[in-house]
file upload38.cif (mmCIF, C-alpha atoms)
data_structure
#
loop_
_atom_site.label_atom_id
_atom_site.label_comp_id
_atom_site.auth_asym_id
_atom_site.auth_seq_id
_atom_site.Cartn_x
_atom_site.Cartn_y
_atom_site.Cartn_z
CA MET V 1 -134.64 -124.41 -98.00
CA ILE V 2 -133.09 -121.12 -99.09
CA HIS V 3 -135.41 -118.10 -98.93
CA HIS V 4 -134.88 -115.25 -101.38
CA LEU V 5 -135.58 -111.63 -100.46
CA SER V 6 -135.91 -109.09 -103.26
CA ILE V 7 -134.59 -105.60 -102.56
CA LYS V 8 -134.85 -102.45 -104.62
CA SER V 9 -132.33 -99.80 -103.66
CA THR V 10 -133.19 -96.25 -104.67
CA HIS V 11 -129.89 -94.42 -104.05
CA ARG V 12 -126.24 -94.82 -104.98
CA GLU V 13 -125.41 -95.69 -101.36
CA GLU V 14 -128.00 -96.81 -98.87
CA PHE V 15 -128.57 -99.03 -95.83
CA ILE V 16 -131.88 -100.89 -96.02
CA SER V 17 -133.13 -102.60 -92.87
CA ILE V 18 -134.12 -106.21 -93.57
CA THR V 19 -134.67 -107.19 -89.92
CA ASN V 20 -138.45 -107.55 -90.23
CA GLU V 21 -138.23 -109.59 -93.43
CA ILE V 22 -135.77 -111.97 -91.76
CA ARG V 23 -137.97 -112.20 -88.65
CA LYS V 24 -140.82 -113.30 -90.93
CA VAL V 25 -138.66 -116.07 -92.43
CA VAL V 26 -137.77 -117.30 -88.94
CA GLU V 27 -141.45 -117.33 -87.92
CA LEU V 28 -142.44 -119.06 -91.16
CA GLU V 29 -139.95 -121.89 -90.61
CA GLY V 30 -140.96 -122.27 -86.97
CA VAL V 31 -137.44 -123.22 -85.87
CA LYS V 32 -137.07 -122.81 -82.09
CA GLU V 33 -133.29 -123.08 -81.64
CA GLY V 34 -130.78 -122.56 -84.40
CA ILE V 35 -128.92 -120.11 -86.56
CA CYS V 36 -130.07 -117.80 -89.31
CA TYR V 37 -127.67 -117.17 -92.21
CA ILE V 38 -128.02 -114.04 -94.30
CA TYR V 39 -126.05 -113.74 -97.55
CA THR V 40 -126.07 -111.38 -100.51
CA PRO V 41 -124.74 -112.67 -103.85
CA HIS V 42 -123.54 -109.26 -105.07
CA THR V 43 -120.00 -107.85 -105.20
CA THR V 44 -120.83 -104.17 -104.67
CA ALA V 45 -123.15 -104.64 -101.68
CA GLY V 46 -122.88 -106.00 -98.15
CA ILE V 47 -124.71 -107.21 -95.08
CA THR V 48 -124.05 -105.70 -91.67
CA ILE V 49 -125.55 -105.63 -88.19
CA ASN V 50 -125.65 -102.24 -86.50
CA GLU V 51 -127.94 -99.80 -84.71
CA ASN V 52 -131.52 -99.85 -85.90
CA ALA V 53 -132.94 -97.19 -83.53
CA ASP V 54 -131.50 -93.91 -84.85
CA PRO V 55 -131.39 -93.86 -88.69
CA ASP V 56 -128.48 -91.38 -88.45
CA VAL V 57 -126.20 -94.28 -87.49
CA ALA V 58 -126.68 -96.00 -90.87
CA SER V 59 -126.08 -92.77 -92.78
CA ASP V 60 -123.07 -91.98 -90.57
CA ILE V 61 -121.53 -95.37 -91.44
CA LEU V 62 -121.86 -94.53 -95.15
CA LYS V 63 -120.39 -91.08 -94.43
CA GLY V 64 -117.49 -92.63 -92.52
CA LEU V 65 -116.75 -94.99 -95.42
CA ARG V 66 -116.79 -92.03 -97.85
CA HIS V 67 -114.33 -90.27 -95.52
CA LEU V 68 -111.79 -92.97 -96.51
CA ASP V 69 -111.77 -91.08 -99.83
CA LEU V 70 -111.60 -94.21 -102.00
CA GLU V 71 -113.41 -92.24 -104.71
CA SER V 72 -110.23 -90.18 -105.30
CA VAL V 73 -108.02 -93.20 -106.15
CA ARG V 74 -107.21 -93.96 -109.81
CA PHE V 75 -108.43 -97.54 -110.12
CA ASN V 76 -108.02 -99.87 -113.12
CA HIS V 77 -111.44 -101.59 -113.16
CA CYS V 78 -113.20 -99.86 -116.02
CA GLU V 79 -116.71 -99.78 -114.53
CA GLY V 80 -115.75 -97.01 -112.11
CA ASN V 81 -117.24 -98.78 -109.10
CA SER V 82 -114.10 -100.06 -107.41
CA PRO V 83 -114.89 -98.13 -104.19
CA ALA V 84 -118.14 -100.12 -104.00
CA HIS V 85 -116.25 -103.42 -104.44
CA ILE V 86 -113.82 -102.40 -101.67
CA LYS V 87 -116.63 -101.42 -99.29
CA SER V 88 -118.27 -104.79 -100.01
CA SER V 89 -115.14 -106.65 -98.90
CA LEU V 90 -114.66 -104.39 -95.85
CA ILE V 91 -118.24 -104.86 -94.63
CA GLY V 92 -118.65 -108.46 -95.86
CA CYS V 93 -121.49 -110.06 -97.77
CA SER V 94 -123.01 -112.15 -94.98
CA CYS V 95 -123.86 -112.42 -91.32
CA PHE V 96 -125.52 -114.87 -88.99
CA VAL V 97 -127.82 -114.42 -86.02
CA LEU V 98 -128.67 -117.00 -83.37
CA ILE V 99 -132.29 -118.12 -82.92
CA GLU V 100 -133.57 -118.72 -79.39
CA LYS V 101 -137.15 -119.66 -78.46
CA GLY V 102 -138.20 -119.09 -82.06
CA LYS V 103 -136.84 -115.53 -82.22
CA LEU V 104 -133.74 -113.82 -83.61
CA LYS V 105 -131.37 -113.22 -80.68
CA LEU V 106 -130.35 -109.69 -81.65
CA GLY V 107 -129.09 -107.11 -79.16
CA THR V 108 -131.44 -104.34 -78.01
CA TRP V 109 -130.18 -101.87 -80.61
CA GLN V 110 -129.17 -104.28 -83.36
CA GLY V 111 -130.82 -104.53 -86.74
CA ILE V 112 -129.76 -106.31 -89.93
CA PHE V 113 -129.00 -104.12 -92.94
CA PHE V 114 -128.55 -104.69 -96.63
CA CYS V 115 -125.79 -102.25 -97.66
CA GLU V 116 -126.05 -100.82 -101.16
CA PHE V 117 -122.78 -99.32 -102.39
CA ASP V 118 -123.48 -99.07 -106.15
CA GLY V 119 -127.19 -98.47 -106.60
CA PRO V 120 -129.88 -97.95 -107.45
CA ARG V 121 -130.33 -101.61 -108.38
CA SER V 122 -132.52 -104.67 -107.90
CA ARG V 123 -130.78 -106.91 -105.38
CA GLU V 124 -131.22 -110.25 -103.68
CA VAL V 125 -130.58 -111.65 -100.22
CA TYR V 126 -130.55 -115.37 -99.36
CA VAL V 127 -131.73 -116.51 -95.94
CA LYS V 128 -131.21 -120.02 -94.61
CA ILE V 129 -132.31 -121.30 -91.22
CA ILE V 130 -130.40 -124.15 -89.60
CA SER V 131 -132.04 -125.89 -86.67
CA MET O 132 -113.89 -133.79 -92.03
CA ILE O 133 -111.78 -130.66 -92.47
CA HIS O 134 -110.09 -130.27 -95.85
CA HIS O 135 -106.78 -128.41 -96.05
CA LEU O 136 -105.80 -126.34 -99.09
CA SER O 137 -102.15 -125.36 -99.49
CA ILE O 138 -101.45 -121.96 -101.00
CA LYS O 139 -98.17 -120.40 -102.09
CA SER O 140 -98.34 -116.65 -102.43
CA THR O 141 -95.69 -115.08 -104.64
CA HIS O 142 -96.09 -111.36 -103.83
CA ARG O 143 -96.21 -109.15 -100.76
CA GLU O 144 -99.91 -108.48 -101.34
CA GLU O 145 -102.05 -110.66 -103.54
CA PHE O 146 -105.58 -112.02 -104.03
CA ILE O 147 -105.56 -115.69 -105.03
CA SER O 148 -108.82 -117.18 -106.32
CA ILE O 149 -109.63 -120.42 -104.50
CA THR O 150 -113.12 -120.83 -105.98
CA ASN O 151 -112.25 -123.86 -108.13
CA GLU O 152 -110.43 -125.63 -105.29
CA ILE O 153 -113.46 -125.15 -103.05
CA ARG O 154 -115.83 -126.34 -105.80
CA LYS O 155 -113.76 -129.54 -105.96
CA VAL O 156 -114.15 -130.08 -102.21
CA VAL O 157 -117.93 -129.64 -102.51
CA GLU O 158 -118.06 -132.14 -105.40
CA LEU O 159 -115.84 -134.60 -103.53
CA GLU O 160 -118.09 -134.60 -100.48
CA GLY O 161 -121.23 -134.92 -102.58
CA VAL O 162 -123.35 -132.83 -100.22
CA LYS O 163 -126.50 -131.62 -101.97
CA GLU O 164 -127.81 -129.00 -99.52
CA GLY O 165 -125.69 -127.34 -96.89
CA ILE O 166 -123.07 -124.74 -96.12
CA CYS O 167 -119.41 -124.51 -96.95
CA TYR O 168 -117.08 -122.86 -94.40
CA ILE O 169 -113.78 -121.40 -95.51
CA TYR O 170 -111.24 -120.35 -92.89
CA THR O 171 -107.59 -119.30 -92.91
CA PRO O 172 -105.55 -119.79 -89.72
CA HIS O 173 -103.18 -116.87 -90.38
CA THR O 174 -103.16 -113.41 -88.81
CA THR O 175 -101.79 -111.45 -91.79
CA ALA O 176 -104.13 -112.90 -94.40
CA GLY O 177 -107.86 -112.99 -95.08
CA ILE O 178 -110.71 -114.58 -96.99
CA THR O 179 -113.12 -112.49 -99.03
CA ILE O 180 -115.81 -112.91 -101.66
CA ASN O 181 -115.73 -110.41 -104.52
CA GLU O 182 -115.71 -110.11 -108.29
CA ASN O 183 -113.96 -112.94 -110.11
CA ALA O 184 -114.52 -111.77 -113.71
CA ASP O 185 -112.19 -108.77 -114.07
CA PRO O 186 -108.86 -109.34 -112.24
CA ASP O 187 -108.52 -105.55 -111.90
CA VAL O 188 -111.15 -105.66 -109.13
CA ALA O 189 -108.89 -107.75 -106.87
CA SER O 190 -105.88 -105.50 -107.49
CA ASP O 191 -108.07 -102.41 -106.99
CA ILE O 192 -109.16 -103.73 -103.57
CA LEU O 193 -105.49 -104.06 -102.56
CA LYS O 194 -104.87 -100.56 -103.96
CA GLY O 195 -107.82 -99.16 -102.02
CA LEU O 196 -106.52 -100.72 -98.80
CA ARG O 197 -103.06 -99.19 -99.43
CA HIS O 198 -104.80 -95.83 -99.93
CA LEU O 199 -105.68 -96.01 -96.20
CA ASP O 200 -101.97 -95.30 -95.76
CA LEU O 201 -101.52 -97.65 -92.80
CA GLU O 202 -97.90 -98.11 -93.91
CA SER O 203 -97.10 -94.55 -92.74
CA VAL O 204 -98.19 -95.12 -89.12
CA ARG O 205 -95.54 -95.69 -86.42
CA PHE O 206 -96.64 -99.02 -84.97
CA ASN O 207 -95.17 -100.82 -81.96
CA HIS O 208 -95.20 -104.44 -83.17
CA CYS O 209 -91.56 -105.06 -84.03
CA GLU O 210 -92.09 -107.27 -87.08
CA GLY O 211 -93.14 -104.30 -89.21
CA ASN O 212 -96.24 -106.03 -90.55
CA SER O 213 -98.95 -104.32 -88.49
CA PRO O 214 -100.71 -103.02 -91.64
CA ALA O 215 -101.12 -106.67 -92.71
CA HIS O 216 -102.60 -107.59 -89.31
CA ILE O 217 -105.04 -104.67 -89.58
CA LYS O 218 -106.10 -105.62 -93.12
CA SER O 219 -106.64 -109.19 -91.89
CA SER O 220 -109.10 -107.97 -89.22
CA LEU O 221 -110.82 -105.58 -91.66
CA ILE O 222 -111.36 -108.26 -94.31
CA GLY O 223 -111.85 -111.18 -91.89
CA CYS O 224 -110.32 -114.64 -91.94
CA SER O 225 -113.37 -116.63 -92.99
CA CYS O 226 -116.51 -116.78 -95.09
CA PHE O 227 -119.29 -119.21 -95.83
CA VAL O 228 -121.19 -120.03 -98.98
CA LEU O 229 -124.49 -121.91 -99.26
CA ILE O 230 -124.65 -125.18 -101.20
CA GLU O 231 -127.73 -125.88 -103.32
CA LYS O 232 -128.24 -128.93 -105.56
CA GLY O 233 -124.63 -129.94 -104.94
CA LYS O 234 -123.16 -126.61 -106.05
CA LEU O 235 -121.80 -123.47 -104.36
CA LYS O 236 -124.56 -120.85 -104.50
CA LEU O 237 -122.34 -117.91 -105.47
CA GLY O 238 -123.60 -114.83 -107.30
CA THR O 239 -122.85 -114.50 -111.04
CA TRP O 240 -119.74 -112.38 -110.46
CA GLN O 241 -118.65 -113.76 -107.10
CA GLY O 242 -115.49 -115.72 -106.47
CA ILE O 243 -113.74 -116.70 -103.24
CA PHE O 244 -110.29 -115.23 -102.64
CA PHE O 245 -107.44 -115.93 -100.28
CA CYS O 246 -106.01 -112.50 -99.44
CA GLU O 247 -102.27 -112.34 -98.83
CA PHE O 248 -101.19 -109.20 -96.98
CA ASP O 249 -97.67 -110.22 -95.86
CA GLY O 250 -96.24 -112.58 -98.47
CA PRO O 251 -94.72 -114.31 -100.15
CA ARG O 252 -95.47 -117.26 -97.85
CA SER O 253 -96.83 -120.79 -97.70
CA ARG O 254 -100.37 -120.59 -96.41
CA GLU O 255 -103.28 -122.84 -95.50
CA VAL O 256 -107.05 -122.69 -95.86
CA TYR O 257 -109.47 -124.99 -94.06
CA VAL O 258 -112.72 -126.02 -95.75
CA LYS O 259 -115.56 -127.76 -93.96
CA ILE O 260 -118.87 -128.82 -95.51
CA ILE O 261 -121.93 -129.05 -93.30
CA SER O 262 -124.97 -130.89 -94.68
CA MET W 263 -127.57 -124.00 -75.60
CA ILE W 264 -126.24 -120.45 -75.83
CA HIS W 265 -123.46 -119.58 -73.37
CA HIS W 266 -123.14 -115.98 -72.18
CA LEU W 267 -119.77 -114.42 -71.36
CA SER W 268 -119.72 -111.21 -69.34
CA ILE W 269 -117.02 -108.70 -70.18
CA LYS W 270 -116.04 -105.49 -68.44
CA SER W 271 -114.01 -103.17 -70.60
CA THR W 272 -111.93 -100.57 -68.77
CA HIS W 273 -110.89 -98.24 -71.60
CA ARG W 274 -112.54 -96.31 -74.41
CA GLU W 275 -110.96 -98.64 -76.95
CA GLU W 276 -109.58 -102.02 -76.06
CA PHE W 277 -109.04 -105.57 -77.37
CA ILE W 278 -109.83 -108.19 -74.73
CA SER W 279 -108.71 -111.76 -75.41
CA ILE W 280 -111.59 -114.20 -74.87
CA THR W 281 -109.77 -117.25 -76.25
CA ASN W 282 -109.46 -119.02 -72.90
CA GLU W 283 -113.10 -118.39 -71.97
CA ILE W 284 -114.21 -119.87 -75.28
CA ARG W 285 -111.87 -122.86 -74.86
CA LYS W 286 -113.61 -123.52 -71.53
CA VAL W 287 -117.04 -123.51 -73.21
CA VAL W 288 -115.80 -126.00 -75.83
CA GLU W 289 -114.40 -128.29 -73.08
CA LEU W 290 -117.59 -127.98 -71.04
CA GLU W 291 -119.78 -129.06 -73.95
CA GLY W 292 -117.45 -131.93 -74.82
CA VAL W 293 -118.10 -131.63 -78.57
CA LYS W 294 -115.37 -133.40 -80.55
CA GLU W 295 -116.05 -132.16 -84.11
CA GLY W 296 -118.02 -129.07 -84.91
CA ILE W 297 -118.07 -125.30 -85.09
CA CYS W 298 -117.99 -122.65 -82.41
CA TYR W 299 -119.94 -119.43 -83.05
CA ILE W 300 -119.00 -116.25 -81.20
CA TYR W 301 -121.32 -113.24 -81.36
CA THR W 302 -121.57 -109.93 -79.56
CA PRO W 303 -124.99 -108.23 -79.40
CA HIS W 304 -123.57 -104.67 -79.26
CA THR W 305 -123.37 -102.06 -82.01
CA THR W 306 -120.18 -100.29 -80.88
CA ALA W 307 -118.09 -103.42 -80.35
CA GLY W 308 -116.79 -106.29 -82.45
CA ILE W 309 -115.24 -109.74 -82.50
CA THR W 310 -112.04 -110.45 -84.39
CA ILE W 311 -109.38 -113.13 -84.70
CA ASN W 312 -105.80 -111.91 -84.79
CA GLU W 313 -102.39 -112.35 -83.21
CA ASN W 314 -102.44 -113.31 -79.56
CA ALA W 315 -98.68 -113.57 -78.94
CA ASP W 316 -97.48 -109.94 -78.99
CA PRO W 317 -100.00 -107.59 -77.30
CA ASP W 318 -98.67 -104.77 -79.49
CA VAL W 319 -100.59 -106.23 -82.44
CA ALA W 320 -103.96 -105.61 -80.76
CA SER W 321 -103.02 -102.05 -79.82
CA ASP W 322 -101.61 -101.47 -83.32
CA ILE W 323 -104.95 -102.53 -84.85
CA LEU W 324 -106.72 -99.93 -82.70
CA LYS W 325 -104.05 -97.38 -83.69
CA GLY W 326 -104.52 -98.24 -87.37
CA LEU W 327 -108.29 -97.77 -87.08
CA ARG W 328 -107.73 -94.37 -85.39
CA HIS W 329 -105.44 -93.46 -88.30
CA LEU W 330 -108.58 -93.54 -90.51
CA ASP W 331 -109.41 -90.31 -88.66
CA LEU W 332 -113.13 -91.04 -88.36
CA GLU W 333 -113.12 -88.95 -85.18
CA SER W 334 -112.69 -85.78 -87.30
CA VAL W 335 -115.87 -86.30 -89.35
CA ARG W 336 -119.01 -84.29 -88.51
CA PHE W 337 -121.55 -87.04 -87.94
CA ASN W 338 -125.29 -86.67 -87.34
CA HIS W 339 -125.87 -89.32 -84.64
CA CYS W 340 -126.15 -87.27 -81.48
CA GLU W 341 -124.40 -89.67 -79.11
CA GLY W 342 -120.98 -88.82 -80.56
CA ASN W 343 -119.96 -92.46 -80.98
CA SER W 344 -120.42 -92.88 -84.73
CA PRO W 345 -116.73 -93.84 -85.19
CA ALA W 346 -117.38 -96.76 -82.81
CA HIS W 347 -120.43 -97.86 -84.83
CA ILE W 348 -118.37 -97.71 -88.04
CA LYS W 349 -115.50 -99.73 -86.54
CA SER W 350 -118.08 -102.29 -85.37
CA SER W 351 -119.33 -102.78 -88.94
CA LEU W 352 -115.79 -102.84 -90.36
CA ILE W 353 -114.59 -105.51 -87.91
CA GLY W 354 -117.91 -107.37 -87.62
CA CYS W 355 -119.75 -108.61 -84.56
CA SER W 356 -119.09 -112.33 -84.92
CA CYS W 357 -116.70 -115.06 -85.92
CA PHE W 358 -116.59 -118.83 -85.98
CA VAL W 359 -113.83 -121.30 -85.29
CA LEU W 360 -113.77 -124.98 -86.24
CA ILE W 361 -113.53 -127.63 -83.50
CA GLU W 362 -111.36 -130.71 -84.13
CA LYS W 363 -110.69 -133.49 -81.62
CA GLY W 364 -112.44 -131.45 -78.95
CA LYS W 365 -110.27 -128.36 -79.42
CA LEU W 366 -110.59 -125.00 -81.17
CA LYS W 367 -108.71 -125.26 -84.47
CA LEU W 368 -107.00 -121.86 -84.28
CA GLY W 369 -103.76 -121.03 -86.09
CA THR W 370 -100.52 -120.92 -84.07
CA TRP W 371 -100.69 -117.17 -83.52
CA GLN W 372 -104.48 -116.71 -83.55
CA GLY W 373 -106.55 -115.62 -80.60
CA ILE W 374 -110.16 -114.45 -80.36
CA PHE W 375 -110.72 -110.87 -79.24
CA PHE W 376 -113.67 -108.86 -78.02
CA CYS W 377 -113.15 -105.38 -79.50
CA GLU W 378 -114.37 -102.48 -77.40
CA PHE W 379 -114.79 -99.27 -79.40
CA ASP W 380 -116.94 -97.22 -77.00
CA GLY W 381 -116.04 -98.20 -73.45
CA PRO W 382 -115.68 -98.58 -70.64
CA ARG W 383 -118.85 -100.67 -70.47
CA SER W 384 -120.30 -103.99 -69.35
CA ARG W 385 -120.60 -106.18 -72.41
CA GLU W 386 -121.83 -109.62 -73.41
CA VAL W 387 -120.66 -112.32 -75.81
CA TYR W 388 -122.77 -115.30 -76.91
CA VAL W 389 -121.10 -118.61 -77.66
CA LYS W 390 -122.85 -121.51 -79.36
CA ILE W 391 -121.30 -124.87 -80.19
CA ILE W 392 -122.70 -126.87 -83.11
CA SER W 393 -121.67 -130.52 -83.37
#
call {"tool": "encode", "arguments": {"input": "upload38.cif", "output": "structure tokens"}}
result
Amino acid sequence: MIHHLSIKSTHREEFISITNEIRKVVELEGVKEGICYIYTPHTTAGITINENADPDVASDILKGLRHLDLESVRFNHCEGNSPAHIKSSLIGCSCFVLIEKGKLKLGTWQGIFFCEFDGPRSREVYVKIIS
Amino acid sequence: MIHHLSIKSTHREEFISITNEIRKVVELEGVKEGICYIYTPHTTAGITINENADPDVASDILKGLRHLDLESVRFNHCEGNSPAHIKSSLIGCSCFVLIEKGKLKLGTWQGIFFCEFDGPRSREVYVKIIS
Amino acid sequence: MIHHLSIKSTHREEFISITNEIRKVVELEGVKEGICYIYTPHTTAGITINENADPDVASDILKGLRHLDLESVRFNHCEGNSPAHIKSSLIGCSCFVLIEKGKLKLGTWQGIFFCEFDGPRSREVYVKIIS
């Protein structure tokens, strides 16, 4: 079964923690040992795992990506969102986390983030648990 | 079973859509629900998922990566292709896509690309379907 | 079963080959056909697959990432290691490798690296084999 999460981004660029939503899916399925796949079907967004404790880390990652100055390049794609497509491929549109004893085996500081690079938009994330 | 796709790149840098080839593998195996793994065994190439509709997006991603100006750095590796190795690690050499009702569960605009960063060359992609 | 590898980095930034350690896990489990997952639970480190033959490639990748000049940005996160968090999300904290006939199906030049971006530290890597 593939679970769908609905996400509403409210800014042009934004990291939205989805760790709790994914924990709920893992609990719901009741799988004790396995792997959790997280995937977003969009081409101007991403999924990443990074620090969940200090929210400055997420905003610093966005700031660091803007420092690459992709916005200054003359791109051909007429929608004007090529930097968002590039960030999507740099960050990637999926991740996986191991499940042990019925829980996501994340590191102490790790959280799972949906990365919006071309918002605000309504977005989706697919979650699949493999036992 | 691991399926092998053969790819011939014709430029130094190039995105080659392999979505249809991977769809054929999924159909051939007849798996209804599962995951499709895509992996390239090369160190100056990558696999990414991004927009398949407007070909300018793929060329803009390559342009954005060149904007990082890695070609201007004095590297030590004597083959002169360190920027290609770096792009390979930034993009990653693999991806996975969920399979639902016998079909790849890609987003509306998503396609799967082999990313050549040091061509032209003969390349390989491995595809494995897990039910 | 999830295997834990312990890693001690000795520099601020460093690629440490873990290919042999992972080969040992694959041999130990005796799985003939499957997938090997490699995951690091840290937010200032990564896992990548790249050239294992010439050690200059690994140091060139670190040099290329430093060329992005993230160290010059004024970040908000007070620990001063935001560039390491960004590199972690760019490289990613996991990879997978197919297993065929009881062996990792890596390309000729590919090796698996733990990427330290904020060392020296004691680090962990999780390895899980799926048959």
call {"tool": "closest_residue", "arguments": {"input": "upload38.cif", "among": "V:His4, V:Lys24, V:Arg121, V:Lys87", "to": "chain W", "atoms": "only C-alpha atoms"}}
result
V:Lys87
call {"tool": "resolve_selection", "arguments": {"input": "upload38.cif", "expression": "the PyMOL selection byres ((chain V) within 9 of (chain O))", "output": "ChimeraX atom specification"}}
result
/V:1-2,39-44,68-70,73-78,82-83,85-94,126,128
call {"tool": "write_last_selection", "arguments": {"input": "upload38.cif", "atoms": "C-alpha atoms", "output": "short mmCIF file (atom, residue, chain, number, x, y, z; two decimals), in the coordinates of the input"}}
result
data_model
loop_
_atom_site.label_atom_id
_atom_site.label_comp_id
_atom_site.auth_asym_id
_atom_site.auth_seq_id
_atom_site.Cartn_x
_atom_site.Cartn_y
_atom_site.Cartn_z
CA MET V 1 -134.64 -124.41 -98.00
CA ILE V 2 -133.09 -121.12 -99.09
CA TYR V 39 -126.05 -113.74 -97.55
CA THR V 40 -126.07 -111.38 -100.51
CA PRO V 41 -124.74 -112.67 -103.85
CA HIS V 42 -123.54 -109.26 -105.07
CA THR V 43 -120.00 -107.85 -105.20
CA THR V 44 -120.83 -104.17 -104.67
CA LEU V 68 -111.79 -92.97 -96.51
CA ASP V 69 -111.77 -91.08 -99.83
CA LEU V 70 -111.60 -94.21 -102.00
CA VAL V 73 -108.02 -93.20 -106.15
CA ARG V 74 -107.21 -93.96 -109.81
CA PHE V 75 -108.43 -97.54 -110.12
CA ASN V 76 -108.02 -99.87 -113.12
CA HIS V 77 -111.44 -101.59 -113.16
CA CYS V 78 -113.20 -99.86 -116.02
CA SER V 82 -114.10 -100.06 -107.41
CA PRO V 83 -114.89 -98.13 -104.19
CA HIS V 85 -116.25 -103.42 -104.44
CA ILE V 86 -113.82 -102.40 -101.67
CA LYS V 87 -116.63 -101.42 -99.29
CA SER V 88 -118.27 -104.79 -100.01
CA SER V 89 -115.14 -106.65 -98.90
CA LEU V 90 -114.66 -104.39 -95.85
CA ILE V 91 -118.24 -104.86 -94.63
CA GLY V 92 -118.65 -108.46 -95.86
CA CYS V 93 -121.49 -110.06 -97.77
CA SER V 94 -123.01 -112.15 -94.98
CA TYR V 126 -130.55 -115.37 -99.36
CA LYS V 128 -131.21 -120.02 -94.61
#
call {"tool": "resolve_selection", "arguments": {"input": "upload38.cif", "expression": "the PyMOL selection byres ((chain W and resi 274) around 6)", "output": "JSON, numbers by chain"}}
result
{"W": [273, 275, 380, 381, 382]}
call {"tool": "atom_distance", "arguments": {"input": "upload38.cif", "atom1": "atom CA of Phe244 of chain O", "atom2": "atom CA of Phe146 of chain O"}}
result
5.9 Å
call {"tool": "resolve_selection", "arguments": {"input": "upload38.cif", "expression": "the PyMOL selection byres ((chain W and resi 377) around 7)", "output": "PyMOL selection string"}}
result
chain W and resi 276-278+307-309+375-376+378-379
call {"tool": "atom_distance", "arguments": {"input": "upload38.cif", "atom1": "atom CA of Val387 of chain W", "atom2": "atom CA of Ser279 of chain W"}}
result
12.0 Å
call {"tool": "closest_residue", "arguments": {"input": "upload38.cif", "among": "O:Arg254, O:Ile243, O:Gly233, O:Ala215", "to": "Tyr168 of chain O", "atoms": "all atoms listed in the file"}}
result
O:Ile243
call {"tool": "atom_distance", "arguments": {"input": "upload38.cif", "atom1": "atom CA of Ser384 of chain W", "atom2": "atom CA of Thr272 of chain W"}}
result
9.1 Å
call {"tool": "axis_aligned_box", "arguments": {"input": "upload38.cif", "around": "segment 211-223 of chain O", "padding_each_side": "6 Å", "output": "AutoDock Vina command-line options"}}
result
--center_x -102.5 --center_y -107.1 --center_z -91.4 --size_x 30.7 --size_y 20.2 --size_z 17.8
call {"tool": "closest_residue", "arguments": {"input": "upload38.cif", "among": "W:Lys363, W:Glu341, W:Ile269, W:Ile280", "to": "Lys294 of chain W", "atoms": "all atoms listed in the file"}}
result
W:Lys363
call {"tool": "closest_residue", "arguments": {"input": "upload38.cif", "among": "V:Ala53, V:Arg66, V:Ile129, V:Ser9", "to": "Lys103 of chain V", "atoms": "all atoms listed in the file"}}
result
V:Ile129
call {"tool": "closest_residue", "arguments": {"input": "upload38.cif", "among": "O:Leu235, O:Ile169, O:Ser203, O:Lys139", "to": "Arg154 of chain O", "atoms": "only C-alpha atoms"}}
result
O:Leu235
